[in-house]
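Working notes, beginning with the structure itself.
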Amino acid sequence: VASSSPNNRTITSLCLGTGRFLRCVLVPALLETKDCSAIALIQPRGTSFVDYCSARRGAGANHYSYEVDTVLPSSDGEVITEEIGPIPYVIRMEDRCELSALIQQHACSIRLIGVGVTEAGLASAETKAIHDLVWILYQIFQNRLTSSCTNAPTPICILNTDNVPWNGDVIQSLVLQAINANYDDGEEFRKFCTTQLWFLNTMVDRITSQREGNSQVPLTEPCPAKALVIEDLTNILPFGNIPTKGVVVRNSRDEFQLDLQLKLVIANATHTACAHALGLSSFLNTTVLSTEGNHPLFLSYLDSLFQTQILPTTPDNGKNRDEAQNVYTEWKCRLVHPYFGLSTFFIGQNGVIKSGIRISPTVAKLLQQNTPISAATAFAYASILRYVTPSYATCNRNDGGAIVYRGWLDGTSRPTAIDEKAIAVPTSPSSNIMYADNMYVNCTEGWYEFKCSCRIPVLPTNSTTETNYLSDALSNFGDIAQSPVLYCETIRQFLIHPQGGNLVSSSAAFEDLILAIATLYARMVAGDSCVDILQEMQEKKGIYSSGFATPCAALVDTTTFSASVIPLHYRKCPIPDESILMKLPLVKNTSLPEKLLESVVYAEVANVLVVDVHTHLFPPSHGFTLCLFGIDELLTYHYLVSEYFMTAPPEITPDKFYSLDKKEQANLIWNALFVQQTPLSEATRGVITTLERLGWWNGRNNHNAATTTGDLDAIRALEQKFIRERGAEEYCEMIFCLAGVRYAVMTNIPFEPEEARHWRPVRKQFSERFRSALRVDDFLKGDEEALERNLKLAGYEGSLEGARQYLRDWADIYHPEYMMACTPHNFHLTENCCQPEEASIVNESSDFFSEALMKVCEERDLPIALKIGAHRGINPELKAAGDGVVAFADGSVVARLCSRFPKVRFLATFLSRNNQHEACVLANKFRNLHIYGCWWYCNIPSIIKDTTQMRLEMLGTAFTAQHSDARVLDQLIYKWSHSRAVIASSLSEQYAKLVYSGWTSLTRSDIRRDVKSLFGGSYEIFMAKSL
């Protein structure tokens, strides 16, 4: 093909590239100038554009032209066609001899070189785009050396028409690198490039697509006011502003920098942020944003991205903020044009490197400003990664040395088998759509093609040189459902790679961003659609309490864990029940990826809202004598009182200690157990965990932060300020939320006047967080005279019927979950109605247990909970802190109860470690028995772990793993955070055993169900059981 026209016109501009921006923006502008209007267009690869122009040129014509379609802003989508020309020369880069001759003829007159190099072309000095440019520059250099130009050689300006930040500086750097690597006479050539060439930074802004049915004709929007902005600090450019063509020349770096920032981080960033999700959703063109169905969803997403992420990073002054808002408003209007848009797959090209150019500058500033990074930003990155994930490891083909991968669209099943026909060059059936040169999408068959040149280190590796393509690394995870934590290191490498996210940070916020992206990406590759995830955000479902603006920290699925030693605090899981990720097998062929089960189990245990089946808590409505909270109550809890007296000075006797007020007692314990000693015990560590979780302890940042009574006063001040400003009810709700407790069962004692007054004559209203249990210890103690006396004082007969009516009336008042009692250490049940052979709390003449309590339980279908093994008052001097444990309590009483009262449900917990195995055996034998919790002296991590492991091995999930037994509201925090960590560790081990035994169908949904059972679900099923 003869590529150049036979004319004698002197060439003043070369354009290396025939892309849409160059043809719609730069060439029309150059044609308006006096000194740069004689243009030679060079097609870098292929012949399509040269063929198109040749076919258009009439016989005998000495120039070329091409068409550009412009969609008018009118409502009917009218298009006008403009002929762009005359163009003296159109030539292919492949025709090196002809091109060399052309340059030799016009070397002295060339004033400008336009290039259309994308992000991929600027990835390194070894790309074809840079090599082609350097070759052209070398031809000019050589011919200017050997020819005698009539005048001094004119400087040459080089302009790029693709939006890479500071693209002129980047191109100059890559050109010089290429010269050093490939040219022997590099020193002179380099001098030429640095003295006669001016690499000007540019910004381009005109949305450009193609005519339907003819990819050679650009289809574009009306020319914006800033279609091409050029930074010309030395006035070297041979022309100035061209308002009719949207050309703006900036002679100030600050002005250009603002233009560039507003374009890249607003228009381009929001374009990139939505393009991949749109493409994956089978929306082929951005015109979909103008339709009623999708307009609100995607634009709400972009609005949030702009308002909460981009705008806060704009220089903080009114002018810049106003300009940024104006740019976004104008851009959004252009984006929703109903008759003009761009191919979403075309926009999606080079998404990995575009993320670093367009999105990451905002993220870097957010990190620097300590401004929360939102779910919207994490979604943008995750959708890009999902877009560049191949269907499977070998799903690619070669296109002129570049790897072309094939991905799958949302709503279609991810292919798992290699089909060579599927990855061959498409044969252009009617359902194939070419969105770029030799790149296709097929919505009918559910696939699309893409390229990705970003290479990241092979993981795991100690090598700093071994790399892998990002897409290959992502495909290597396979087609099983992966825990988000397994993707984190690959995502980190993507984010820090210069040709990827291009971020540098070691902050906690950056780690949260990685983990948030991992969560969203894991869901996307499992099959959750981008649209569904965006809808969850928009509707503020689940963890998205702030919608698109929800901080990344809320999206973190995994949690830090280390052999159950770190408190596992409650946090909502970002993966909803309906997610496809929940339903896919976690393992394949008993292959167990490192940390997979641990990460899932710990995340699910952290997520579960627990039912605290037994506590001694009261709501704030019952007054602060009963409702205990705050640091002084934590420190004077009987666990710590008894620990204090182990090392208390002789002059502090129990009587003297109890004569002090609460604050003075707390000061003594704080000084003894936290200042003079390291708080290593479970009870003292629990105080630290609680204060840390409340944000009232900064010992982690300051070694001496909480080592004096003065610091204790500071904690008290924080508590008092909270109560003063927000009230006890809100404090209570905060504790329940931090602890992750759905509701707690109280212990309500009708014989206690201070408590009873809150129920009679009028029951006080209180939060649904609290449920009642009717405590009936007096019915087990065997003190018949005391029980009869108390009944008469309460207005009842001292008979069995009076006792039964007393229980019925209080059951009507309390609406209890169950009856409950702590058995005396010498508790013994009469096996028949005859007089017992030895002393018992229940006897034939006054059997308040068997004939009153149990009859009411049967009558009202009320369970009874037994706490077995406490030895009260072994050191009476210590009062509540003086109780002990029966080393070997008589567990057979439970068996006799279950046998004798088969219609009554029994809940039981034992205080001694020695009884735990027997309890499991009993629960395995009686369907009306439910074992719950690790009570009191068993509520320490080492015993919780052993007990939970044994129960899992013997009972599966048919037990309740823990109850807090909390008396101080704040204790809910540490008791549950510590217990979650230990139980998660035991459960992880049990699942690992199961998988290695051959159970490969385990899903995350299974784990969530099991965890819910252990933390209250089994209790609720048992309580609803009909016997």
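The way I read the labels, and the way they are meant: chains A, B, ... in the order of the structure tokens, residue 1 as the first residue of every chain, and ligand 1 as the first ligand shown, with later ones counted on from there.
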Set the distance at 9 Å and use only C-alpha atoms: which residues neighbour A:Pro44 once local chain neighbours fewer than 5 positions away are removed? I'd like the list as a short mmCIF file (atom, residue, chain, number, x, y, z; two decimals) with N, CA and C atoms, in the first residue's frame.
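Saved file around_26.cif follows:
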data_model
loop_
_atom_site.label_atom_id
_atom_site.label_comp_id
_atom_site.auth_asym_id
_atom_site.auth_seq_id
_atom_site.Cartn_x
_atom_site.Cartn_y
_atom_site.Cartn_z
N LEU A 16 2.60 10.29 16.13
CA LEU A 16 2.85 8.86 16.27
C LEU A 16 1.67 8.24 17.03
N GLY A 17 0.75 7.73 16.27
CA GLY A 17 -0.45 7.17 16.85
C GLY A 17 -1.65 7.63 16.07
N THR A 18 -2.64 6.76 16.02
CA THR A 18 -3.88 7.11 15.32
C THR A 18 -5.08 6.82 16.22
N ARG A 92 2.53 3.97 7.76
CA ARG A 92 2.63 2.95 8.79
C ARG A 92 4.02 2.95 9.41
N MET A 93 4.10 2.65 10.69
CA MET A 93 5.39 2.54 11.37
C MET A 93 6.21 1.39 10.78
N GLU A 94 5.51 0.40 10.26
CA GLU A 94 6.21 -0.75 9.69
C GLU A 94 7.02 -0.37 8.45
N LYS A 128 7.08 -1.02 23.09
CA LYS A 128 7.12 -0.71 21.66
C LYS A 128 6.90 0.78 21.42
N ALA A 129 6.00 1.39 22.20
CA ALA A 129 5.70 2.81 22.00
C ALA A 129 6.95 3.65 22.20
N ASP A 132 9.50 2.99 19.36
CA ASP A 132 9.12 3.67 18.11
C ASP A 132 9.43 5.16 18.19
#
Pick out the residues sitting within 9 Å of A:Pro312, and hand them over as a PyMOL selection string; count only C-alpha atoms, and ignore anything fewer than 6 positions along from it in its own chain. chain A and resi 306+321+366+371
Can you list every residue in stretch 143-386 of chain A that DSSP puts in alpha helix (DSSP H), as a PyMOL selection string? chain A and resi 143-146+167-182+186-195+253-262+269-280+295-305+318-335+344-347+351-354+360-369+375-386
Excluding A:Val608 and its own-chain neighbours fewer than 4 positions away, which residues fall within 8 Å of it when counting only C-alpha atoms? Please give them as a list in words.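 Using only C-alpha atoms, the neighbours found are Tyr570, Lys572, Glu604, Gly740, Arg1008, Val1011, Lys1012 and Phe1015 of chain A.
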Distance query stretch 919-934 of chain A at most 8 Å, only C-alpha atoms, self and fewer than 2 positions along chain excluded, as a count of residues only: 36
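Ranking A:Met819, A:Leu897, A:Ile42, A:Cys53 by their shortest atom-to-atom distance to A:Ile136, with only C-alpha atoms included, puts A:Ile42 first.
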Report as a ChimeraX atom specification all protein, DNA and RNA residues lying within 10 Å of A:Met582, evaluated on only C-alpha atoms, omitting residues in the same chain fewer than 5 positions from it. /A:481,483,523,526,575-577,1003-1008
Create the file for the chosen residues now, containing C-alpha atoms and written as a short mmCIF file (atom, residue, chain, number, x, y, z; two decimals), in the first residue's frame.
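Wrote selection-v3.cif, looks like this:
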data_model
loop_
_atom_site.label_atom_id
_atom_site.label_comp_id
_atom_site.auth_asym_id
_atom_site.auth_seq_id
_atom_site.Cartn_x
_atom_site.Cartn_y
_atom_site.Cartn_z
CA ALA A 481 -13.95 -20.44 47.93
CA SER A 483 -10.95 -16.93 52.81
CA ARG A 523 -16.98 -12.31 47.35
CA ALA A 526 -16.98 -16.52 44.47
CA ILE A 575 -19.83 -11.48 54.42
CA PRO A 576 -23.65 -11.83 54.59
CA ASP A 577 -25.49 -15.12 54.91
CA THR A 1003 -18.49 -24.46 53.86
CA ARG A 1004 -18.33 -21.17 55.65
CA SER A 1005 -22.09 -21.37 56.07
CA ASP A 1006 -21.57 -24.62 58.01
CA ILE A 1007 -19.09 -22.91 60.29
CA ARG A 1008 -21.38 -19.93 60.86
#
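Nearest to A:Ala648 of all the residues A:Val776, A:Leu289, A:Leu660, A:Ala672 is A:Ala672, based on only C-alpha atoms.
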Would you mind telling me which residue in A:Ile91, A:Cys97, A:Val641, A:Cys395 lies nearest to A:Tyr52 when using only C-alpha atoms?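 Ranking A:Ile91, A:Cys97, A:Val641, A:Cys395 by distance to A:Tyr52, first place goes to A:Ile91.
The list of residues with at least one atom within 10 Å of A:Glu755, based on only C-alpha atoms and without residues fewer than 4 positions apart in the same chain, reads A:Phe618, A:His622, A:Gly623, A:Thr625, A:Leu626, A:Asn748, A:Ile749, A:Pro750, A:Phe751, A:Trp759, A:Arg760.
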Just the selected residues (all heavy atoms), exported as a compact mmCIF listing (two decimals), in the first residue's frame, please.
# COMPACT_ATOMS: atom_id res chain seq x y z
N PHE A 618 -28.10 -6.47 86.04
CA PHE A 618 -29.39 -5.82 86.11
C PHE A 618 -29.36 -4.60 85.19
O PHE A 618 -28.31 -3.98 84.98
CB PHE A 618 -29.71 -5.37 87.55
CG PHE A 618 -29.97 -6.51 88.49
CD1 PHE A 618 -28.93 -7.08 89.19
CD2 PHE A 618 -31.25 -7.01 88.64
CE1 PHE A 618 -29.16 -8.15 90.05
CE2 PHE A 618 -31.49 -8.07 89.50
CZ PHE A 618 -30.45 -8.65 90.21
N HIS A 622 -33.05 -0.54 87.30
CA HIS A 622 -33.15 -1.12 88.64
C HIS A 622 -32.24 -0.42 89.65
O HIS A 622 -32.09 -0.89 90.78
CB HIS A 622 -32.82 -2.61 88.58
CG HIS A 622 -33.93 -3.45 88.02
ND1 HIS A 622 -34.60 -3.11 86.87
CD2 HIS A 622 -34.51 -4.60 88.45
CE1 HIS A 622 -35.52 -4.02 86.60
NE2 HIS A 622 -35.49 -4.92 87.56
N GLY A 623 -31.63 0.68 89.24
CA GLY A 623 -30.82 1.44 90.17
C GLY A 623 -29.40 0.94 90.27
O GLY A 623 -29.08 -0.20 89.92
N THR A 625 -27.58 0.30 92.82
CA THR A 625 -27.25 -0.69 93.83
C THR A 625 -27.21 -2.08 93.22
O THR A 625 -26.38 -2.92 93.58
CB THR A 625 -28.29 -0.66 94.97
OG1 THR A 625 -28.31 0.64 95.55
CG2 THR A 625 -27.93 -1.68 96.05
N LEU A 626 -28.08 -2.30 92.26
CA LEU A 626 -28.14 -3.59 91.57
C LEU A 626 -27.36 -3.55 90.25
O LEU A 626 -26.65 -4.50 89.92
CB LEU A 626 -29.60 -3.97 91.30
CG LEU A 626 -30.45 -4.25 92.54
CD1 LEU A 626 -31.90 -4.49 92.14
CD2 LEU A 626 -29.92 -5.44 93.33
N ASN A 748 -32.78 -13.39 89.08
CA ASN A 748 -33.74 -12.58 89.82
C ASN A 748 -34.23 -13.35 91.05
O ASN A 748 -34.76 -14.46 90.93
CB ASN A 748 -34.92 -12.21 88.93
CG ASN A 748 -34.46 -11.48 87.67
OD1 ASN A 748 -34.53 -12.03 86.58
ND2 ASN A 748 -33.97 -10.28 87.83
N ILE A 749 -34.03 -12.76 92.21
CA ILE A 749 -34.31 -13.42 93.49
C ILE A 749 -35.52 -12.73 94.14
O ILE A 749 -35.41 -11.61 94.65
CB ILE A 749 -33.10 -13.36 94.43
CG1 ILE A 749 -31.85 -13.88 93.71
CG2 ILE A 749 -33.37 -14.15 95.71
CD1 ILE A 749 -30.57 -13.73 94.50
N PRO A 750 -36.67 -13.36 94.13
CA PRO A 750 -37.86 -12.69 94.68
C PRO A 750 -37.80 -12.47 96.19
O PRO A 750 -38.49 -11.58 96.70
CB PRO A 750 -39.00 -13.66 94.31
CG PRO A 750 -38.34 -14.98 94.10
CD PRO A 750 -36.98 -14.69 93.57
N PHE A 751 -36.98 -13.25 96.90
CA PHE A 751 -36.88 -13.07 98.35
C PHE A 751 -36.04 -11.85 98.73
O PHE A 751 -35.96 -11.50 99.91
CB PHE A 751 -36.28 -14.32 99.01
CG PHE A 751 -37.22 -15.50 99.03
CD1 PHE A 751 -36.79 -16.75 98.60
CD2 PHE A 751 -38.53 -15.35 99.47
CE1 PHE A 751 -37.66 -17.83 98.63
CE2 PHE A 751 -39.39 -16.43 99.50
CZ PHE A 751 -38.96 -17.68 99.07
N TRP A 759 -40.16 -5.00 90.74
CA TRP A 759 -41.10 -5.85 90.01
C TRP A 759 -42.53 -5.72 90.54
O TRP A 759 -43.49 -5.91 89.81
CB TRP A 759 -40.64 -7.31 90.10
CG TRP A 759 -39.27 -7.54 89.53
CD1 TRP A 759 -38.09 -7.45 90.19
CD2 TRP A 759 -38.96 -7.87 88.18
NE1 TRP A 759 -37.04 -7.72 89.33
CE2 TRP A 759 -37.55 -7.99 88.09
CE3 TRP A 759 -39.71 -8.10 87.04
CZ2 TRP A 759 -36.90 -8.31 86.91
CZ3 TRP A 759 -39.06 -8.43 85.86
CH2 TRP A 759 -37.67 -8.52 85.80
N ARG A 760 -42.62 -5.47 91.84
CA ARG A 760 -43.93 -5.32 92.49
C ARG A 760 -44.00 -3.98 93.22
O ARG A 760 -42.99 -3.57 93.82
CB ARG A 760 -44.13 -6.46 93.50
CG ARG A 760 -44.67 -7.75 92.91
CD ARG A 760 -44.90 -8.75 94.06
NE ARG A 760 -45.70 -9.89 93.61
CZ ARG A 760 -46.05 -10.92 94.39
NH1 ARG A 760 -45.66 -10.92 95.67
NH2 ARG A 760 -46.76 -11.90 93.93
For A:Gln665, please output as a VMD selection string all residues within 10 Å (counting only C-alpha atoms; exclusion window: fewer than 2 positions along the same chain). chain A and resid 632 to 633 635 to 636 641 656 to 663 667 to 670
Report, in Å to a single decimal, how far apart atom CA of A:Val601 and atom CA of A:Leu987 are.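 Between atom CA of A:Leu987 and atom CA of A:Val601 the gap is 7.3 Å.
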Going by DSSP on the backbone, which bits of stretch 139-277 of chain A are strand (DSSP E or B)? Write them as a PyMOL selection string, please. chain A and resi 156-160+197-199+202-204+208-211+214-220+228-231+242+247-250
